[in-house]
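Engineer: Take a look at upload.pdb, PDB, C-alpha atoms:
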ATOM      1  CA  LEU T   1       0.000   0.000   0.000
ATOM      2  CA  ILE T   2       1.329   3.432  -0.999
ATOM      3  CA  SER T   3       0.715   6.735   0.742
ATOM      4  CA  GLY T   4       1.976  10.143  -0.361
ATOM      5  CA  GLY T   5       3.045  10.846   3.209
ATOM      6  CA  ASP T   6       5.615   8.017   3.042
ATOM      7  CA  THR T   7       8.103  10.053   0.966
ATOM      8  CA  GLU T   8       9.784  13.438   1.233
ATOM      9  CA  PHE T   9      10.208  14.885  -2.288
ATOM     10  CA  LEU T  10       9.136  12.317  -4.909
ATOM     11  CA  GLU T  11       5.750  10.615  -4.596
ATOM     12  CA  ALA T  12       3.648   8.035  -6.397
ATOM     13  CA  SER T  13       0.762  10.382  -7.090
ATOM     14  CA  THR T  14      -2.712   9.319  -8.165
ATOM     15  CA  THR T  15      -3.604  10.413 -11.684
ATOM     16  CA  GLY T  16      -6.574  10.451 -13.999
ATOM     17  CA  SER T  17     -10.124  11.699 -13.790
ATOM     18  CA  LYS T  18     -12.648  10.943 -11.054
ATOM     19  CA  ASN T  19     -14.236   8.109 -13.003
ATOM     20  CA  GLN T  20     -11.085   6.511 -14.411
ATOM     21  CA  LYS T  21     -11.073   2.727 -14.070
ATOM     22  CA  LEU T  22      -8.849   1.037 -11.519
ATOM     23  CA  LEU T  23      -5.912  -0.950 -12.867
ATOM     24  CA  GLN T  24      -4.814  -4.531 -12.307
ATOM     25  CA  GLN T  25      -1.637  -4.772 -10.223
ATOM     26  CA  PRO T  26       0.954  -7.551 -10.019
ATOM     27  CA  ASN T  27       0.678 -10.240  -7.360
ATOM     28  CA  SER T  28      -2.784  -9.141  -6.241
ATOM     29  CA  SER T  29      -6.384  -9.528  -7.328
ATOM     30  CA  ILE T  30      -7.206  -6.101  -5.883
ATOM     31  CA  LYS T  31      -7.267  -3.310  -8.450
ATOM     32  CA  ALA T  32      -5.477  -0.052  -7.684
ATOM     33  CA  LYS T  33      -5.711   3.631  -8.534
ATOM     34  CA  PRO T  34      -3.505   4.741 -11.472
ATOM     35  CA  ARG T  35      -0.334   6.435 -10.217
ATOM     36  CA  ARG T  36       2.632   8.310 -11.625
ATOM     37  CA  PHE T  37       5.851   9.681 -10.167
ATOM     38  CA  ALA T  38       5.630  13.366  -9.266
ATOM     39  CA  LEU T  39       7.749  15.894  -7.401
ATOM     40  CA  LYS T  40       5.820  17.270  -4.439
ATOM     41  CA  SER T  41       4.334  20.724  -4.913
ATOM     42  CA  ARG T  42       5.880  22.249  -1.773
ATOM     43  CA  TYR T  43       9.335  21.126  -2.879
ATOM     44  CA  MET T  44       8.855  22.467  -6.417
ATOM     45  CA  THR T  45       7.579  25.774  -5.053
ATOM     46  CA  SER T  46      10.729  26.067  -2.958
ATOM     47  CA  VAL T  47      12.937  25.259  -5.969
ATOM     48  CA  LEU T  48      11.153  27.728  -8.239
ATOM     49  CA  ASN T  49      11.289  30.468  -5.604
ATOM     50  CA  GLN T  50      15.025  30.049  -5.322
ATOM     51  CA  MET T  51      15.405  30.091  -9.110
ATOM     52  CA  TYR T  52      13.242  33.215  -9.313
ATOM     53  CA  PHE T  53      15.486  35.033  -6.872
ATOM     54  CA  ASN T  54      18.577  33.783  -8.737
ATOM     55  CA  TYR T  55      19.678  31.386  -6.045
ATOM     56  CA  ILE T  56      21.450  28.156  -6.906
ATOM     57  CA  ILE T  57      20.561  24.979  -5.058
ATOM     58  CA  ALA T  58      23.947  23.748  -4.037
ATOM     59  CA  SER T  59      24.864  20.083  -3.862
ATOM     60  CA  GLY T  60      23.729  18.679  -0.529
ATOM     61  CA  ASP T  61      21.329  21.581   0.099
ATOM     62  CA  ILE T  62      18.456  19.107   0.452
ATOM     63  CA  ASN T  63      19.633  17.233   3.495
ATOM     64  CA  VAL T  64      17.457  14.420   4.819
ATOM     65  CA  GLU T  65      19.771  14.270   7.844
ATOM     66  CA  LEU T  66      18.194  17.569   8.869
ATOM     67  CA  LEU T  67      15.255  15.676  10.390
ATOM     68  CA  GLU T  68      17.504  13.515  12.564
ATOM     69  CA  ASN T  69      19.569  16.540  13.600
ATOM     70  CA  LEU T  70      16.425  18.484  14.474
ATOM     71  CA  ILE T  71      15.245  15.700  16.793
ATOM     72  CA  GLY T  72      18.696  15.741  18.384
ATOM     73  CA  LYS T  73      18.404  19.464  19.106
ATOM     74  CA  LEU T  74      14.880  19.115  20.474
ATOM     75  CA  LYS T  75      16.034  16.400  22.882
ATOM     76  CA  HIS T  76      18.110  19.039  24.692
ATOM     77  CA  PHE T  77      14.826  20.540  25.896
ATOM     78  CA  GLN T  78      13.305  17.278  27.162
ATOM     79  CA  GLY T  79      12.125  17.508  30.770
ATOM     80  CA  LYS T  80      12.082  21.311  30.824
ATOM     81  CA  THR T  81       8.848  22.976  31.861
ATOM     82  CA  PHE T  82       6.709  24.984  29.502
ATOM     83  CA  GLU T  83       7.574  28.125  31.467
ATOM     84  CA  GLU T  84      11.335  27.438  31.307
ATOM     85  CA  ILE T  85      11.251  26.954  27.548
ATOM     86  CA  SER T  86       9.009  29.981  27.065
ATOM     87  CA  SER T  87      11.453  32.090  29.050
ATOM     88  CA  THR T  88      14.350  30.809  26.950
ATOM     89  CA  LEU T  89      12.472  31.801  23.801
ATOM     90  CA  PHE T  90      11.330  35.146  25.289
ATOM     91  CA  MET T  91       7.709  34.226  24.529
ATOM     92  CA  ASP T  92       4.439  35.126  26.261
ATOM     93  CA  THR T  93       2.914  32.240  28.229
ATOM     94  CA  SER T  94      -0.081  34.025  29.778
ATOM     95  CA  GLU T  95      -3.296  32.015  29.956
ATOM     96  CA  SER T  96      -5.066  34.678  27.889
ATOM     97  CA  ASN T  97      -3.111  33.351  24.895
ATOM     98  CA  LYS T  98      -5.142  30.231  24.062
ATOM     99  CA  ALA T  99      -2.684  29.179  21.367
ATOM    100  CA  ARG T 100       0.346  29.496  23.632
ATOM    101  CA  TYR T 101       1.332  25.802  23.491
ATOM    102  CA  ALA T 102       1.160  25.701  19.698
ATOM    103  CA  THR T 103       3.028  29.012  19.462
ATOM    104  CA  ILE T 104       5.831  27.867  21.772
ATOM    105  CA  SER T 105       6.097  24.520  19.944
ATOM    106  CA  LYS T 106       6.546  26.197  16.561
ATOM    107  CA  ASN T 107       9.054  28.689  17.917
ATOM    108  CA  LEU T 108      10.966  25.905  19.665
ATOM    109  CA  VAL T 109      11.315  24.071  16.352
ATOM    110  CA  LYS T 110      12.428  27.271  14.599
ATOM    111  CA  THR T 111      15.013  27.965  17.313
ATOM    112  CA  CYS T 112      16.454  24.462  16.937
ATOM    113  CA  LEU T 113      16.559  24.848  13.147
ATOM    114  CA  ASP T 114      18.407  28.158  13.486
ATOM    115  CA  GLN T 115      21.019  26.358  15.576
ATOM    116  CA  LEU T 116      21.571  23.829  12.774
ATOM    117  CA  GLY T 117      22.792  26.383  10.241
ATOM    118  CA  PRO T 118      21.789  29.319   8.035
ATOM    119  CA  ASN T 119      19.909  27.237   5.442
ATOM    120  CA  SER T 120      18.109  24.917   7.825
ATOM    121  CA  VAL T 121      14.814  26.826   7.950
ATOM    122  CA  GLU T 122      14.617  26.976   4.133
ATOM    123  CA  ASN T 123      15.452  23.273   3.880
ATOM    124  CA  TRP T 124      12.865  22.436   6.544
ATOM    125  CA  GLU T 125      10.126  24.109   4.488
ATOM    126  CA  LYS T 126      10.846  21.749   1.590
ATOM    127  CA  PHE T 127       9.901  18.748   3.724
ATOM    128  CA  ASP T 128       6.388  20.168   4.190
ATOM    129  CA  TYR T 129       5.865  18.853   7.721
ATOM    130  CA  GLU T 130       3.006  20.322   9.739
ATOM    131  CA  ILE T 131       3.779  20.935  13.406
ATOM    132  CA  LYS T 132       1.087  19.643  15.779
ATOM    133  CA  THR T 133       1.050  20.284  19.513
ATOM    134  CA  VAL T 134      -0.385  17.571  21.778
ATOM    135  CA  ARG T 135      -0.798  17.657  25.549
ATOM    136  CA  ILE T 136      -0.587  14.452  27.596
ATOM    137  CA  SER T 137      -2.313  14.059  30.962
ATOM    138  CA  LYS T 138      -0.677  12.767  34.143
ATOM    139  CA  PHE T 139      -2.191   9.396  33.305
ATOM    140  CA  LEU T 140      -0.550   9.386  29.841
ATOM    141  CA  ASN T 141      -3.758  10.020  27.912
ATOM    142  CA  VAL T 142      -3.935  12.435  24.987
ATOM    143  CA  GLU T 143      -6.148  15.312  26.097
ATOM    144  CA  GLN T 144      -7.721  16.156  22.721
ATOM    145  CA  SER T 145      -8.431  14.539  19.365
ATOM    146  CA  LEU T 146      -6.926  16.112  16.239
ATOM    147  CA  SER T 147      -9.314  17.828  13.843
ATOM    148  CA  PHE T 148      -9.209  18.444  10.104
ATOM    149  CA  PRO T 149     -10.849  21.414   8.342
ATOM    150  CA  LYS T 150     -14.648  21.424   8.420
ATOM    151  CA  PHE T 151     -16.270  19.523   5.562
ATOM    152  CA  ASP T 152     -19.028  20.780   3.272
ATOM    153  CA  PRO T 153     -21.756  18.097   3.406
ATOM    154  CA  LYS T 154     -23.000  19.030  -0.079
ATOM    155  CA  LYS T 155     -19.567  18.369  -1.568
ATOM    156  CA  LEU T 156     -18.817  15.374   0.636
ATOM    157  CA  VAL T 157     -21.707  13.274  -0.719
ATOM    158  CA  ASN T 158     -20.469  13.800  -4.290
ATOM    159  CA  GLU T 159     -16.884  12.723  -3.628
ATOM    160  CA  SER T 160     -15.280   9.434  -4.481
ATOM    161  CA  TRP T 161     -12.713   8.216  -1.962
ATOM    162  CA  GLU T 162      -9.921   8.777  -4.488
ATOM    163  CA  THR T 163     -10.870  12.459  -4.893
ATOM    164  CA  SER T 164     -12.003  13.095  -1.330
ATOM    165  CA  LYS T 165     -10.512  15.760   0.921
ATOM    166  CA  LEU T 166     -10.047  13.248   3.728
ATOM    167  CA  SER T 167      -8.090  10.879   1.485
ATOM    168  CA  GLU T 168      -5.922  13.794   0.361
ATOM    169  CA  TYR T 169      -5.222  14.867   3.952
ATOM    170  CA  LEU T 170      -4.381  11.377   5.172
ATOM    171  CA  GLU T 171      -2.298  10.262   2.199
ATOM    172  CA  ASN T 172      -0.238  13.433   1.766
ATOM    173  CA  SER T 173       0.052  15.031   5.210
ATOM    174  CA  LYS T 174       3.181  14.607   7.307
ATOM    175  CA  TYR T 175       3.482  15.788  10.878
ATOM    176  CA  LEU T 176       5.991  16.683  13.534
ATOM    177  CA  PHE T 177       4.205  16.058  16.825
ATOM    178  CA  ILE T 178       5.402  18.017  19.850
ATOM    179  CA  PHE T 179       4.241  16.311  23.050
ATOM    180  CA  TRP T 180       3.845  18.148  26.374
ATOM    181  CA  GLN T 181       3.215  15.992  29.432
ATOM    182  CA  LYS T 182       1.452  17.214  32.570
ATOM    183  CA  THR T 183       3.377  16.732  35.829
ATOM    184  CA  LYS T 184       3.203  18.118  39.371
ATOM    185  CA  ASP T 185       5.364  20.991  38.100
ATOM    186  CA  GLY T 186       3.086  21.758  35.162
ATOM    187  CA  TYR T 187       3.592  20.716  31.563
ATOM    188  CA  ILE T 188       7.063  19.599  30.468
ATOM    189  CA  PHE T 189       8.394  18.988  26.973
ATOM    190  CA  ASP T 190       8.246  15.219  26.591
ATOM    191  CA  LYS T 191       9.301  14.355  23.049
ATOM    192  CA  ALA T 192       8.994  15.082  19.326
ATOM    193  CA  VAL T 193       7.869  12.492  16.768
ATOM    194  CA  PHE T 194       7.803  12.568  12.967
ATOM    195  CA  TRP T 195       4.742  10.727  11.664
ATOM    196  CA  ASN T 196       2.469  10.069   8.724
ATOM    197  CA  MET T 197      -0.525   7.758   8.757
ATOM    198  CA  PRO T 198       0.196   4.161   7.623
ATOM    199  CA  ALA T 199      -1.740   2.969   4.592
ATOM    200  CA  GLN T 200      -3.641   0.293   6.536
ATOM    201  CA  ASP T 201      -4.948   2.935   8.939
ATOM    202  CA  ILE T 202      -6.015   5.135   6.036
ATOM    203  CA  LEU T 203      -8.241   2.245   4.953
ATOM    204  CA  GLU T 204      -9.786   2.247   8.441
ATOM    205  CA  ALA T 205     -10.483   5.962   8.100
ATOM    206  CA  LYS T 206     -12.134   5.284   4.751
ATOM    207  CA  LYS T 207     -14.834   3.322   6.603
ATOM    208  CA  VAL T 208     -15.685   6.427   8.633
ATOM    209  CA  TRP T 209     -15.803   8.550   5.466
ATOM    210  CA  LYS T 210     -18.199   6.077   3.818
ATOM    211  CA  GLN T 211     -20.433   5.782   6.882
ATOM    212  CA  THR T 212     -20.619   9.578   7.102
ATOM    213  CA  ILE T 213     -21.842   9.811   3.510
ATOM    214  CA  ASP T 214     -24.393   7.075   4.195
ATOM    215  CA  CYS T 215     -25.718   9.038   7.178
ATOM    216  CA  LEU T 216     -25.955  12.231   5.126
ATOM    217  CA  ASN T 217     -27.844  10.446   2.344
ATOM    218  CA  LYS T 218     -30.277   8.993   4.901
ATOM    219  CA  ASN T 219     -30.593  12.339   6.701
ATOM    220  CA  ASP T 220     -29.469  10.419   9.807
ATOM    221  CA  LEU T 221     -27.380  13.209  11.296
ATOM    222  CA  ALA T 222     -27.473  11.825  14.843
ATOM    223  CA  ASN T 223     -25.537   8.691  13.928
ATOM    224  CA  PHE T 224     -22.301   9.955  12.425
ATOM    225  CA  PRO T 225     -19.382   7.618  13.348
ATOM    226  CA  LYS T 226     -18.418   8.152  16.986
ATOM    227  CA  ILE T 227     -15.033   7.739  18.621
ATOM    228  CA  LYS T 228     -16.015   4.267  19.913
ATOM    229  CA  ASP T 229     -16.966   3.096  16.408
ATOM    230  CA  ASN T 230     -13.519   3.239  14.785
ATOM    231  CA  ARG T 231     -10.021   3.053  16.233
ATOM    232  CA  VAL T 232      -8.610   5.738  13.886
ATOM    233  CA  CYS T 233     -11.097   8.576  13.522
ATOM    234  CA  HIS T 234     -14.631   9.852  14.044
ATOM    235  CA  VAL T 235     -16.968  12.712  13.137
ATOM    236  CA  ARG T 236     -18.226  15.403  15.483
ATOM    237  CA  PRO T 237     -18.992  19.138  15.453
ATOM    238  CA  LYS T 238     -16.368  21.802  14.916
ATOM    239  CA  ALA T 239     -18.431  24.920  15.367
ATOM    240  CA  LYS T 240     -18.675  28.093  17.456
ATOM    241  CA  ASN T 241     -21.913  26.861  19.033
ATOM    242  CA  SER T 242     -25.051  24.872  18.240
ATOM    243  CA  GLN T 243     -26.315  27.729  16.071
ATOM    244  CA  ASP T 244     -23.264  27.571  13.789
ATOM    245  CA  THR T 245     -24.804  25.389  11.082
ATOM    246  CA  THR T 246     -24.587  24.516   7.403
ATOM    247  CA  THR T 247     -27.065  23.019   4.914
ATOM    248  CA  THR T 248     -26.906  19.437   3.658
ATOM    249  CA  HIS T 249     -27.764  18.378   0.097
ATOM    250  CA  LEU T 250     -31.211  17.387   1.402
ATOM    251  CA  GLY T 251     -31.866  20.885   2.744
ATOM    252  CA  THR T 252     -31.429  19.908   6.394
ATOM    253  CA  GLN T 253     -29.491  22.130   8.792
ATOM    254  CA  MET T 254     -26.603  20.485  10.648
ATOM    255  CA  VAL T 255     -23.973  21.827  13.021
ATOM    256  CA  LYS T 256     -20.691  22.357  11.159
ATOM    257  CA  SER T 257     -18.623  19.211  11.604
ATOM    258  CA  THR T 258     -15.434  17.512  10.553
ATOM    259  CA  PHE T 259     -13.350  14.351  10.799
ATOM    260  CA  TRP T 260     -11.175  13.954  13.902
ATOM    261  CA  ILE T 261      -8.231  11.625  14.523
ATOM    262  CA  ASN T 262      -9.024   9.857  17.805
ATOM    263  CA  ALA T 263      -7.091  10.894  20.901
ATOM    264  CA  THR T 264      -6.654   7.199  21.744
ATOM    265  CA  TYR T 265      -5.180   6.563  18.287
ATOM    266  CA  ILE T 266      -2.670   9.402  18.768
ATOM    267  CA  ARG T 267      -1.714   7.908  22.138
ATOM    268  CA  ASP T 268      -1.339   4.317  20.963
ATOM    269  CA  SER T 269      -0.014   4.756  17.412
ATOM    270  CA  ILE T 270       2.119   7.894  17.693
ATOM    271  CA  TYR T 271       2.976   8.775  21.293
ATOM    272  CA  SER T 272       3.493   5.253  22.674
ATOM    273  CA  ALA T 273       4.665   3.593  19.460
TER     274      ALA T 273
END
Starting from the file, give its structure as structure tokens.
Structural biologist:
Amino acid sequence: LISGGDTEFLEASTTGSKNQKLLQQPNSSIKAKPRRFALKSRYMTSVLNQMYFNYIIASGDINVELLENLIGKLKHFQGKTFEEISSTLFMDTSESNKARYATISKNLVKTCLDQLGPNSVENWEKFDYEIKTVRISKFLNVEQSLSFPKFDPKKLVNESWETSKLSEYLENSKYLFIFWQKTKDGYIFDKAVFWNMPAQDILEAKKVWKQTIDCLNKNDLANFPKIKDNRVCHVRPKAKNSQDTTTTHLGTQMVKSTFWINATYIRDSIYSA
């Protein structure tokens, strides 16, 4: 099984129109989506930007060892409290800043990249990793599930899995998870983990996507897949309040919702793996 998140610069990208037939593949009776080799868009954007500004990409400029070196730098901060790291970075940690953990995590990564050399930040951008901040309770449970952008129910019911937004997110997204663990002294920096979803788990998420479409088509909005129904992901609201709604293809109002990666999945498959 192939996922776009498995590679850094070159990927086996799906190709063809929405209704293109699946192809026979060797050593399997299961047909597969047509694919072709393609350079990832974020990498090509970086290359073209450098060419536009008359920069030359020197030999060795794309350094996959950067990821290993970044983890090495981040390990120097392991065990330090959120307040200690915030003070080191000269960042605001007041509770009025609701995004303070995400802000500190991103600035911590940038600080470590700066320590690795003058081109490290530019090289990091070519990898196209998204930084996600996760807090762990004293009992080693992930405190929150991870959400994707809200879906449009009218568009969702007309998608095929191959062209769906969820498939695109799961197959192509790569993450650097920054874990903060709660202790008697507050939250401490626990560890950093590079991760992309394995192909077999993407197939599990596909079941949730299909069940969600079935519920929309039946106007059964109370029975979207719940966190207990699938080990990978579920559907629930992502709205300001119960009045923040959108219209389905059947004309029914529903609270704006999205797919969420289960907190238990993050704990078992990423944090504890």
Engineer: Run the PyMOL selection byres ((chain T and resi 254-267) around 6) on the file and write out the hits as a PyMOL selection string.
Structural biologist: chain T and resi 142+144-148+150-151+232-239+244-246+253+268-272
Engineer: Quick one: residues within 12 Å of Glu84 of chain T, all atoms listed in the file, excluding same-chain residues fewer than 4 positions away - as a VMD selection string?
Structural biologist: chain T and resid 77 to 80 88 to 93 104 108 185 to 189
Engineer: Ranking T:Lys106, T:Lys182, T:Lys174, T:Lys154 by minimum distance to Glu130 of chain T and counting only C-alpha atoms, which one comes first?
Structural biologist: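 Looking only at the distances to Glu130 of chain T, the closest residue turns out to be T:Lys174.
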Engineer: Applied to the shown file, which residues does the PyMOL selection byres ((chain T and resi 105) around 10) return, written as a list in words?
Structural biologist: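 The output of the PyMOL selection byres ((chain T and resi 105) around 10) on this file is Phe82, Ile85, Ser86, Arg100, Tyr101, Ala102, Thr103, Ile104, Lys106, Asn107, Leu108, Val109, Lys110, Thr111, Ile131, Lys132, Thr133, Val134, Phe177, Ile178, Phe179, Trp180, Phe189 and Ala192 of chain T.
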Engineer: Rank nothing, just name the residue among T:Ser137, T:Gln115, T:Thr212, T:Thr252 nearest to Leu66 of chain T, using only C-alpha atoms.
Structural biologist: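 For Leu66 of chain T, the nearest of the candidates is T:Gln115.
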Engineer: Kindly extract all protein, DNA and RNA residues lying within 7 Å of the coordinates (2.3, 10.6, 12.8) given in the file, considering all atoms listed in the file, and supply them as a ChimeraX atom specification.
Structural biologist: /T:174-175,194-197,270
Engineer: Write the residues you've just listed into a file as an mmCIF file, in the frame of the given file, and include C-alpha atoms for each of them.
Structural biologist:
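So again.cif came out as:
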data_model
loop_
_atom_site.group_PDB
_atom_site.id
_atom_site.type_symbol
_atom_site.label_atom_id
_atom_site.label_comp_id
_atom_site.auth_asym_id
_atom_site.auth_seq_id
_atom_site.Cartn_x
_atom_site.Cartn_y
_atom_site.Cartn_z
ATOM 1 C CA LYS T 174 3.181 14.607 7.307
ATOM 2 C CA TYR T 175 3.482 15.788 10.878
ATOM 3 C CA PHE T 194 7.803 12.568 12.967
ATOM 4 C CA TRP T 195 4.742 10.727 11.664
ATOM 5 C CA ASN T 196 2.469 10.069 8.724
ATOM 6 C CA MET T 197 -0.525 7.758 8.757
ATOM 7 C CA ILE T 270 2.119 7.894 17.693
#
Engineer: May I ask which of the residues T:Lys206, T:Lys165, T:Arg36, T:Lys228 is the closest one to Glu11 of chain T, counting only C-alpha atoms?
Structural biologist: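 Among the listed residues, T:Arg36 lies closest to Glu11 of chain T.
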Engineer: If you measure from atom CA of Leu221 of chain T to atom CA of Glu204 of chain T, what distance in Å do you get, rounded to one decimal?
Structural biologist: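 Rounded to one decimal, the two atoms are 20.9 Å apart.
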Engineer: Kindly give the distance, in Å, that separates atom CA of Lys218 of chain T and atom CA of His249 of chain T, rounded to a single decimal.
Structural biologist: 10.8 Å
Engineer: Take atom CA of Leu176 of chain T and atom CA of Tyr129 of chain T and report the distance between them in Å, one decimal.
Structural biologist: 6.2 Å
Engineer: From the options T:Lys210, T:Lys98, T:Arg35, T:Lys73, which residue's atoms come nearest to Asn158 of chain T, counting all atoms listed in the file?
Structural biologist: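 Counting all atoms listed in the file, the residue closest to Asn158 of chain T is T:Lys210.
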Engineer: Provide an axis-aligned box for all listed atoms of segment 204-222 of chain T, padding each side by 6 Å; report its centre and its edge lengths in Å to one decimal, as AutoDock Vina command-line options.
Structural biologist:
--center_x -20.2 --center_y 7.7 --center_z 8.6 --size_x 32.8 --size_y 23.0 --size_z 24.5
Engineer: So which one's closest to Glu125 of chain T, T:Leu67, T:Ala205, T:Ala199, T:Leu156? Using all atoms listed in the file, please.
Structural biologist: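 So, comparing all the options, the nearest one is T:Leu67.
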